[in-house]
$ cat upload_37.pdb   # PDB, C-alpha atoms and all ligand atoms
ATOM      1  CA  MET A 736     -19.397  16.221 -33.663
ATOM      2  CA  SER A 737     -22.720  17.371 -35.001
ATOM      3  CA  ASN A 738     -22.544  19.845 -37.858
ATOM      4  CA  ALA A 739     -25.659  21.783 -38.859
ATOM      5  CA  ASP A 740     -24.723  21.640 -42.537
ATOM      6  CA  ILE A 741     -24.522  17.878 -42.596
ATOM      7  CA  ILE A 742     -27.731  15.962 -43.167
ATOM      8  CA  MET A 743     -26.299  12.439 -43.469
ATOM      9  CA  ARG A 744     -23.258  10.711 -42.059
ATOM     10  CA  ILE A 745     -22.266   7.299 -43.354
ATOM     11  CA  GLU A 746     -19.691   5.824 -41.023
ATOM     12  CA  GLY A 747     -17.669   2.768 -41.925
ATOM     13  CA  ILE A 748     -20.424   0.721 -43.508
ATOM     14  CA  ASP A 749     -19.617  -2.779 -44.653
ATOM     15  CA  LYS A 750     -21.577  -5.392 -46.521
ATOM     16  CA  TYR A 751     -20.483  -8.941 -47.253
ATOM     17  CA  PHE A 752     -22.393 -11.297 -49.506
ATOM     18  CA  GLY A 753     -20.739 -14.594 -48.561
ATOM     19  CA  GLY A 754     -17.056 -14.022 -49.304
ATOM     20  CA  LEU A 755     -17.694 -10.933 -51.443
ATOM     21  CA  HIS A 756     -16.960  -7.625 -49.730
ATOM     22  CA  ALA A 757     -19.556  -5.614 -51.684
ATOM     23  CA  VAL A 758     -19.203  -2.429 -49.600
ATOM     24  CA  ASP A 759     -15.923  -2.032 -47.744
ATOM     25  CA  SER A 760     -15.774   0.403 -44.788
ATOM     26  CA  VAL A 761     -17.254   3.334 -46.656
ATOM     27  CA  THR A 762     -17.391   6.666 -44.825
ATOM     28  CA  PHE A 763     -18.632  10.001 -46.111
ATOM     29  CA  THR A 764     -21.017  12.802 -45.249
ATOM     30  CA  VAL A 765     -23.704  14.564 -47.261
ATOM     31  CA  LYS A 766     -24.293  18.287 -46.818
ATOM     32  CA  LYS A 767     -27.824  19.575 -46.608
ATOM     33  CA  GLY A 768     -29.288  20.863 -49.883
ATOM     34  CA  VAL A 769     -26.669  19.444 -52.243
ATOM     35  CA  ILE A 770     -26.604  16.942 -55.070
ATOM     36  CA  LYS A 771     -23.998  14.347 -54.149
ATOM     37  CA  SER A 772     -23.302  11.599 -56.655
ATOM     38  CA  VAL A 773     -21.963   8.107 -56.093
ATOM     39  CA  ILE A 774     -20.183   6.760 -59.151
ATOM     40  CA  GLY A 775     -18.106   3.702 -59.940
ATOM     41  CA  PRO A 776     -17.981   0.727 -62.309
ATOM     42  CA  ASN A 777     -20.672  -1.966 -62.421
ATOM     43  CA  GLY A 778     -20.632  -4.002 -59.238
ATOM     44  CA  ALA A 779     -18.783  -1.304 -57.254
ATOM     45  CA  GLY A 780     -21.378  -1.487 -54.476
ATOM     46  CA  LYS A 781     -23.451   1.620 -55.234
ATOM     47  CA  THR A 782     -26.900   0.012 -55.074
ATOM     48  CA  THR A 783     -25.900  -2.055 -52.034
ATOM     49  CA  MET A 784     -24.927   1.167 -50.288
ATOM     50  CA  PHE A 785     -28.295   2.723 -51.157
ATOM     51  CA  ASN A 786     -30.035  -0.391 -49.852
ATOM     52  CA  MET A 787     -28.208  -0.079 -46.541
ATOM     53  CA  ILE A 788     -29.042   3.616 -46.198
ATOM     54  CA  ALA A 789     -32.705   3.069 -46.994
ATOM     55  CA  GLY A 790     -33.179   0.041 -44.727
ATOM     56  CA  PHE A 791     -33.445  -2.637 -47.437
ATOM     57  CA  GLU A 792     -30.192  -4.288 -46.333
ATOM     58  CA  THR A 793     -28.550  -4.351 -42.925
ATOM     59  CA  PRO A 794     -24.881  -3.359 -42.852
ATOM     60  CA  CYS A 795     -22.479  -5.930 -41.384
ATOM     61  CA  ASN A 796     -20.647  -3.028 -39.678
ATOM     62  CA  GLY A 797     -21.023   0.710 -39.494
ATOM     63  CA  GLN A 798     -23.762   3.224 -39.057
ATOM     64  CA  VAL A 799     -25.776   5.779 -40.971
ATOM     65  CA  PHE A 800     -27.071   8.917 -39.269
ATOM     66  CA  PHE A 801     -29.705  11.172 -40.764
ATOM     67  CA  ASN A 802     -30.080  14.523 -39.002
ATOM     68  CA  ASP A 803     -28.040  12.943 -36.201
ATOM     69  CA  ILE A 804     -30.581  10.127 -35.811
ATOM     70  CA  LEU A 805     -29.263   6.595 -36.250
ATOM     71  CA  ILE A 806     -31.183   5.048 -39.162
ATOM     72  CA  THR A 807     -29.290   1.803 -39.652
ATOM     73  CA  GLY A 808     -31.370  -1.073 -38.358
ATOM     74  CA  LYS A 809     -34.625   0.717 -39.176
ATOM     75  CA  LYS A 810     -37.135  -0.675 -41.671
ATOM     76  CA  PRO A 811     -37.536   1.010 -45.083
ATOM     77  CA  TRP A 812     -40.824   2.631 -44.039
ATOM     78  CA  GLN A 813     -39.237   3.971 -40.860
ATOM     79  CA  VAL A 814     -36.378   5.466 -42.852
ATOM     80  CA  ALA A 815     -38.931   6.983 -45.245
ATOM     81  CA  GLU A 816     -40.799   8.390 -42.279
ATOM     82  CA  GLN A 817     -37.612  10.213 -41.267
ATOM     83  CA  GLY A 818     -37.689  11.859 -44.705
ATOM     84  CA  VAL A 819     -35.262   9.679 -46.696
ATOM     85  CA  LEU A 820     -36.825   8.229 -49.827
ATOM     86  CA  ARG A 821     -35.244   6.075 -52.507
ATOM     87  CA  THR A 822     -36.134   5.281 -56.076
ATOM     88  CA  PHE A 823     -35.110   2.024 -57.719
ATOM     89  CA  GLN A 824     -32.661   1.169 -60.482
ATOM     90  CA  ASN A 825     -35.585  -0.496 -62.251
ATOM     91  CA  LEU A 826     -38.757   1.565 -62.315
ATOM     92  CA  LYS A 827     -41.352   0.408 -59.832
ATOM     93  CA  LEU A 828     -44.376   2.217 -61.217
ATOM     94  CA  SER A 829     -47.774   0.604 -61.799
ATOM     95  CA  ASN A 830     -47.984   0.613 -65.579
ATOM     96  CA  HIS A 831     -51.728   0.120 -65.850
ATOM     97  CA  MET A 832     -52.551   2.978 -63.537
ATOM     98  CA  SER A 833     -52.765   6.651 -64.429
ATOM     99  CA  VAL A 834     -50.023   9.146 -63.650
ATOM    100  CA  MET A 835     -52.286  10.714 -61.022
ATOM    101  CA  ASP A 836     -52.962   7.390 -59.286
ATOM    102  CA  ASN A 837     -49.278   6.461 -59.283
ATOM    103  CA  VAL A 838     -48.383   9.750 -57.647
ATOM    104  CA  LEU A 839     -51.270   9.425 -55.177
ATOM    105  CA  LEU A 840     -49.660   6.166 -54.035
ATOM    106  CA  GLY A 841     -46.669   8.244 -52.918
ATOM    107  CA  TRP A 842     -48.969  10.500 -50.955
ATOM    108  CA  HIS A 843     -50.800   7.583 -49.358
ATOM    109  CA  SER A 844     -47.511   6.011 -48.361
ATOM    110  CA  LEU A 845     -47.070   9.007 -46.094
ATOM    111  CA  GLY A 846     -49.685   7.278 -43.960
ATOM    112  CA  SER A 847     -52.201  10.105 -44.127
ATOM    113  CA  ALA A 848     -55.136   8.242 -45.611
ATOM    114  CA  GLY A 849     -54.338   4.551 -45.685
ATOM    115  CA  PHE A 850     -55.596   2.074 -48.214
ATOM    116  CA  LEU A 851     -58.308   0.638 -45.961
ATOM    117  CA  ASP A 852     -59.842   4.047 -45.357
ATOM    118  CA  GLY A 853     -59.783   4.658 -49.063
ATOM    119  CA  MET A 854     -61.755   1.476 -49.721
ATOM    120  CA  PHE A 855     -64.713   2.815 -47.751
ATOM    121  CA  SER A 856     -65.888   5.910 -49.479
ATOM    122  CA  SER A 857     -66.784   7.775 -46.299
ATOM    123  CA  PRO A 858     -67.043  11.575 -46.338
ATOM    124  CA  ALA A 859     -63.782  11.625 -44.387
ATOM    125  CA  SER A 860     -61.951   9.533 -46.943
ATOM    126  CA  ARG A 861     -63.391  11.630 -49.771
ATOM    127  CA  ARG A 862     -62.068  14.717 -48.027
ATOM    128  CA  GLU A 863     -58.685  13.029 -47.733
ATOM    129  CA  GLU A 864     -58.787  12.229 -51.439
ATOM    130  CA  LYS A 865     -59.396  15.889 -52.176
ATOM    131  CA  ASN A 866     -56.467  16.861 -49.940
ATOM    132  CA  ALA A 867     -54.364  14.313 -51.756
ATOM    133  CA  LYS A 868     -55.205  15.783 -55.145
ATOM    134  CA  ASP A 869     -54.541  19.275 -53.834
ATOM    135  CA  THR A 870     -51.069  18.082 -52.865
ATOM    136  CA  VAL A 871     -50.334  16.112 -55.993
ATOM    137  CA  LEU A 872     -51.583  18.421 -58.763
ATOM    138  CA  PRO A 873     -49.088  21.221 -58.019
ATOM    139  CA  ILE A 874     -46.268  18.656 -58.061
ATOM    140  CA  LEU A 875     -47.340  17.434 -61.512
ATOM    141  CA  GLU A 876     -47.528  21.006 -62.691
ATOM    142  CA  TRP A 877     -44.146  21.846 -61.177
ATOM    143  CA  LEU A 878     -42.510  18.895 -62.942
ATOM    144  CA  ASN A 879     -44.248  19.758 -66.218
ATOM    145  CA  ILE A 880     -46.295  16.578 -66.486
ATOM    146  CA  ILE A 881     -49.727  17.947 -65.594
ATOM    147  CA  ASP A 882     -50.996  17.276 -69.144
ATOM    148  CA  LEU A 883     -50.257  13.586 -68.601
ATOM    149  CA  LYS A 884     -52.172  13.211 -65.347
ATOM    150  CA  ASP A 885     -54.824  10.856 -66.788
ATOM    151  CA  SER A 886     -52.465   8.890 -69.059
ATOM    152  CA  GLU A 887     -51.597   5.291 -68.304
ATOM    153  CA  VAL A 888     -47.992   5.210 -67.101
ATOM    154  CA  GLY A 889     -47.137   2.240 -69.335
ATOM    155  CA  ASN A 890     -47.858   4.352 -72.430
ATOM    156  CA  LEU A 891     -45.437   7.131 -71.509
ATOM    157  CA  SER A 892     -41.882   7.672 -72.717
ATOM    158  CA  PHE A 893     -39.122   6.610 -70.296
ATOM    159  CA  GLY A 894     -38.368  10.284 -69.700
ATOM    160  CA  ASN A 895     -41.920  10.987 -68.581
ATOM    161  CA  GLN A 896     -41.987   7.781 -66.500
ATOM    162  CA  ARG A 897     -38.910   9.042 -64.659
ATOM    163  CA  ALA A 898     -40.683  12.327 -64.023
ATOM    164  CA  VAL A 899     -43.682  10.415 -62.613
ATOM    165  CA  GLU A 900     -41.323   8.514 -60.352
ATOM    166  CA  LEU A 901     -39.897  11.809 -59.072
ATOM    167  CA  ALA A 902     -43.413  13.197 -58.595
ATOM    168  CA  ARG A 903     -44.404  10.117 -56.597
ATOM    169  CA  ALA A 904     -41.350  10.502 -54.378
ATOM    170  CA  LEU A 905     -42.015  14.230 -53.882
ATOM    171  CA  ALA A 906     -45.635  13.527 -52.913
ATOM    172  CA  SER A 907     -44.410  12.296 -49.553
ATOM    173  CA  ASP A 908     -42.369  15.490 -49.069
ATOM    174  CA  PRO A 909     -38.969  13.874 -48.399
ATOM    175  CA  SER A 910     -36.040  15.958 -47.242
ATOM    176  CA  MET A 911     -33.606  13.602 -48.959
ATOM    177  CA  LEU A 912     -33.981  11.581 -52.160
ATOM    178  CA  LEU A 913     -31.800   8.631 -53.166
ATOM    179  CA  LEU A 914     -31.962   8.232 -56.954
ATOM    180  CA  ASP A 915     -30.515   5.036 -58.428
ATOM    181  CA  GLU A 916     -29.622   5.481 -62.120
ATOM    182  CA  PRO A 917     -32.491   7.786 -63.036
ATOM    183  CA  ALA A 918     -31.003   8.433 -66.508
ATOM    184  CA  ALA A 919     -30.819   4.748 -67.475
ATOM    185  CA  GLY A 920     -32.566   4.226 -70.807
ATOM    186  CA  LEU A 921     -33.113   7.944 -71.453
ATOM    187  CA  ASN A 922     -32.057   9.758 -74.610
ATOM    188  CA  MET A 923     -30.021  12.976 -74.493
ATOM    189  CA  HIS A 924     -33.036  15.218 -74.569
ATOM    190  CA  GLU A 925     -34.798  13.296 -71.801
ATOM    191  CA  THR A 926     -31.592  13.276 -69.735
ATOM    192  CA  ALA A 927     -31.352  17.064 -70.044
ATOM    193  CA  ASP A 928     -34.958  17.399 -68.808
ATOM    194  CA  LEU A 929     -34.198  15.041 -65.930
ATOM    195  CA  ALA A 930     -31.134  17.099 -64.988
ATOM    196  CA  LYS A 931     -33.263  20.249 -64.809
ATOM    197  CA  ARG A 932     -35.833  18.488 -62.642
ATOM    198  CA  ILE A 933     -33.207  17.139 -60.231
ATOM    199  CA  GLU A 934     -31.617  20.589 -59.911
ATOM    200  CA  LYS A 935     -35.038  22.120 -59.318
ATOM    201  CA  ILE A 936     -35.656  19.634 -56.504
ATOM    202  CA  ARG A 937     -32.269  20.493 -54.977
ATOM    203  CA  ASP A 938     -33.024  24.202 -55.290
ATOM    204  CA  GLN A 939     -36.140  23.644 -53.157
ATOM    205  CA  GLY A 940     -33.755  22.778 -50.335
ATOM    206  CA  ARG A 941     -33.980  19.003 -50.627
ATOM    207  CA  THR A 942     -30.836  16.870 -50.572
ATOM    208  CA  ILE A 943     -30.107  14.382 -53.352
ATOM    209  CA  LEU A 944     -27.856  11.343 -53.350
ATOM    210  CA  LEU A 945     -27.524  10.188 -56.932
ATOM    211  CA  VAL A 946     -26.127   6.966 -58.378
ATOM    212  CA  GLU A 947     -25.540   7.420 -62.090
ATOM    213  CA  HIS A 948     -23.396   6.099 -64.924
ATOM    214  CA  ASP A 949     -24.045   9.070 -67.235
ATOM    215  CA  MET A 950     -20.839  11.008 -66.559
ATOM    216  CA  SER A 951     -21.859  14.217 -68.296
ATOM    217  CA  LEU A 952     -25.022  14.333 -66.185
ATOM    218  CA  VAL A 953     -23.023  13.641 -63.018
ATOM    219  CA  MET A 954     -20.376  16.255 -63.808
ATOM    220  CA  ASP A 955     -23.023  18.839 -64.763
ATOM    221  CA  ILE A 956     -25.296  18.691 -61.759
ATOM    222  CA  SER A 957     -23.302  17.309 -58.823
ATOM    223  CA  ASP A 958     -22.031  19.506 -56.043
ATOM    224  CA  GLU A 959     -19.860  16.642 -54.790
ATOM    225  CA  ILE A 960     -18.943  13.148 -55.940
ATOM    226  CA  VAL A 961     -17.904   9.945 -54.176
ATOM    227  CA  VAL A 962     -16.191   7.257 -56.246
ATOM    228  CA  LEU A 963     -16.475   3.583 -55.316
ATOM    229  CA  ASN A 964     -14.453   0.736 -56.794
ATOM    230  CA  PHE A 965     -14.748  -2.865 -55.586
ATOM    231  CA  GLY A 966     -16.708  -1.634 -52.597
ATOM    232  CA  GLN A 967     -14.112   0.891 -51.458
ATOM    233  CA  LYS A 968     -14.234   4.674 -51.569
ATOM    234  CA  ILE A 969     -11.311   5.675 -53.777
ATOM    235  CA  ALA A 970     -12.029   9.391 -54.195
ATOM    236  CA  GLU A 971     -14.302  12.154 -53.027
ATOM    237  CA  GLY A 972     -14.558  15.791 -54.053
ATOM    238  CA  ILE A 973     -16.026  18.395 -56.364
ATOM    239  CA  PRO A 974     -16.556  17.391 -60.035
ATOM    240  CA  SER A 975     -13.514  19.259 -61.377
ATOM    241  CA  ASP A 976     -11.237  17.460 -58.892
ATOM    242  CA  ILE A 977     -12.769  14.065 -59.594
ATOM    243  CA  GLN A 978     -12.259  14.589 -63.349
ATOM    244  CA  LYS A 979      -8.541  15.132 -62.704
ATOM    245  CA  ASN A 980      -8.107  12.307 -60.196
ATOM    246  CA  LYS A 981      -5.598   9.779 -61.581
ATOM    247  CA  GLU A 982      -7.107   6.759 -59.856
ATOM    248  CA  VAL A 983     -10.571   7.661 -61.152
ATOM    249  CA  ILE A 984      -9.264   8.177 -64.689
ATOM    250  CA  ARG A 985      -7.510   4.823 -64.466
ATOM    251  CA  ILE A 986     -10.634   2.871 -63.475
ATOM    252  CA  TYR A 987     -12.791   4.626 -66.052
ATOM    253  CA  LEU A 988     -10.381   4.469 -68.976
ATOM    254  CA  GLY A 989      -8.624   1.240 -68.130
ATOM    255  CA  GLY A 990     -11.483  -0.512 -66.310
ATOM    256  CA  ASP A 991     -14.246  -2.640 -67.714
ATOM    257  CA  GLY A 992     -17.968  -2.170 -67.829
ATOM    258  CA  ALA A 993     -18.068   1.377 -66.437
TER     259      ALA A 993
HETATM  260  N1  LIG B1001     -28.218  -9.832 -52.803
HETATM  261  C1  LIG B1001     -26.976 -10.092 -53.243
HETATM  262  N2  LIG B1001     -26.403 -11.302 -53.057
HETATM  263  C2  LIG B1001     -25.163 -11.560 -53.487
HETATM  264  N3  LIG B1001     -24.362 -10.666 -54.109
HETATM  265  C3  LIG B1001     -24.885  -9.440 -54.338
HETATM  266  C4  LIG B1001     -26.219  -9.086 -53.921
HETATM  267  N4  LIG B1001     -26.443  -7.802 -54.282
HETATM  268  C5  LIG B1001     -25.324  -7.372 -54.890
HETATM  269  N5  LIG B1001     -24.394  -8.346 -54.920
HETATM  270  C6  LIG B1001     -23.027  -8.231 -55.463
HETATM  271  O1  LIG B1001     -22.417  -7.153 -54.771
HETATM  272  C7  LIG B1001     -21.612  -6.379 -55.649
HETATM  273  C8  LIG B1001     -22.090  -4.954 -55.633
HETATM  274  O2  LIG B1001     -23.352  -4.908 -56.295
HETATM  275  P1  LIG B1001     -24.172  -3.564 -56.491
HETATM  276  O3  LIG B1001     -25.463  -3.938 -57.112
HETATM  277  O4  LIG B1001     -24.215  -2.827 -55.209
HETATM  278  O5  LIG B1001     -23.259  -2.775 -57.523
HETATM  279  P2  LIG B1001     -23.547  -1.411 -58.309
HETATM  280  O6  LIG B1001     -22.382  -0.542 -58.044
HETATM  281  O7  LIG B1001     -24.884  -0.908 -57.970
HETATM  282  O8  LIG B1001     -23.492  -1.908 -59.826
HETATM  283  P3  LIG B1001     -24.310  -1.394 -61.120
HETATM  284  O9  LIG B1001     -23.601  -0.158 -61.588
HETATM  285  O10 LIG B1001     -24.131  -2.514 -62.094
HETATM  286  O11 LIG B1001     -25.741  -1.163 -60.739
HETATM  287  C9  LIG B1001     -21.695  -7.051 -57.011
HETATM  288  O12 LIG B1001     -20.588  -7.913 -57.143
HETATM  289  C10 LIG B1001     -22.997  -7.831 -56.930
HETATM  290  O13 LIG B1001     -22.963  -8.955 -57.769
HETATM  291 MG    MG B1002     -26.599  -0.580 -59.063
END

$ encode --input "upload_37.pdb" --output "structure tokens"
Amino acid sequence: MSNADIIMRIEGIDKYFGGLHAVDSVTFTVKKGVIKSVIGPNGAGKTTMFNMIAGFETPCNGQVFFNDILITGKKPWQVAEQGVLRTFQNLKLSNHMSVMDNVLLGWHSLGSAGFLDGMFSSPASRREEKNAKDTVLPILEWLNIIDLKDSEVGNLSFGNQRAVELARALASDPSMLLLDEPAAGLNMHETADLAKRIEKIRDQGRTILLVEHDMSLVMDISDEIVVLNFGQKIAEGIPSDIQKNKEVIRIYLGGDGA
């Protein structure tokens, strides 16, 4: 049942935390080169689903395939090695380091240089460092943050910190990015810049799975949307269909905390 257009298949994944069914038999596929968004009220199971895809949590049932390779049961670094990279709901940047050094961490995590090598300033490791910069500088330029390369990350606006986070993820050349609430804490202007960056990444041929509460962002940039509520998939489709879906309208207008 392999389909060349499909990059990820999520098949009946379940997660229980004690008696709580946080993710309840969720099944969907992600087409290659699209932005697919996962929406739903607080506690719907969105982050838990990301954690299961990226190897941070083990599903109680079900499987995830990436390019027809089973990735459930793999460690986060093994999933990343396959080309699936996640960002976190709370930024995990090193605030006291420069933009450049933060993004270089993404490159190093690819396993090319290794921290130990880097500690010994051998000609080989200096060459690697030059390769690393040659990889990273165009990414900073492409995301419009090249002027900030020597700035300490902690001094940047949230919008620019999000861009650094994207740059760090791109440094390891992933084919799929999982973004968990990238617009959280951003103002309208910063959100619009983020939207352009995410679309640009998609237009490079990468696939994006996005968890986001900002509905105008989701409706603007998503090719497809999955809606979760209490762990269950309650709708799936293109943005215009999701906007009309009665069940979705009910949980968003009548629900709490969304
Ligand atoms: N490690 C855990 N142990 C126990 N319960 C958990 C754990 N992680 C998540 N949960 C619970 O599972 C449910 C789903 O949580 P999850 O974080 O996946 O929701 P979410 O859709 O990402 O919500 P939000 O929009 O607030 O980020 C919630 O009821 C949450 O309290
Ligand atoms: Mg979450």

$ atom_distance --input "upload_37.pdb" --atom1 "atom CA of A:His831" --atom2 "atom CA of A:Lys868"
19.3 Å

$ atom_distance --input "upload_37.pdb" --atom1 "atom CA of A:Ser957" --atom2 "atom CA of A:Cys795"
29.1 Å

$ closest_residue --input "upload_37.pdb" --among "A:Met835, A:Leu929, A:Leu901, A:Leu921" --to "A:Glu887" --atoms "all atoms listed in the file"
A:Met835

$ residues_near_ligand --input "upload_37.pdb" --ligand "ligand MG 1002 (chain B)" --cutoff "12 Å" --atoms "only C-alpha atoms and all ligand atoms" --output "ChimeraX atom specification"
/A:757,773-786,822-825,914-917,919,945-948,963,966,993

$ atom_distance --input "upload_37.pdb" --atom1 "atom CA of A:Lys981" --atom2 "atom CA of A:Ile741"
28.0 Å

$ closest_residue --input "upload_37.pdb" --among "A:Leu883, A:Val962, A:Leu905, A:Leu944" --to "ligand LIG 1001 (chain B)" --atoms "all atoms listed in the file"
A:Val962

$ closest_residue --input "upload_37.pdb" --among "A:Val799, A:Ile986, A:Ile977, A:Ile936" --to "A:Phe965" --atoms "only C-alpha atoms"
A:Ile986

$ resolve_selection --input "upload_37.pdb" --expression "the PyMOL selection byres (((chain A and resi 896) around 12) and not hetatm)" --output "NGL selection string"
:A and (825-830 or 832-834 or 837-838 or 878 or 880 or 883-884 or 886-895 or 897-903 or 917-921 or 925 or 929)
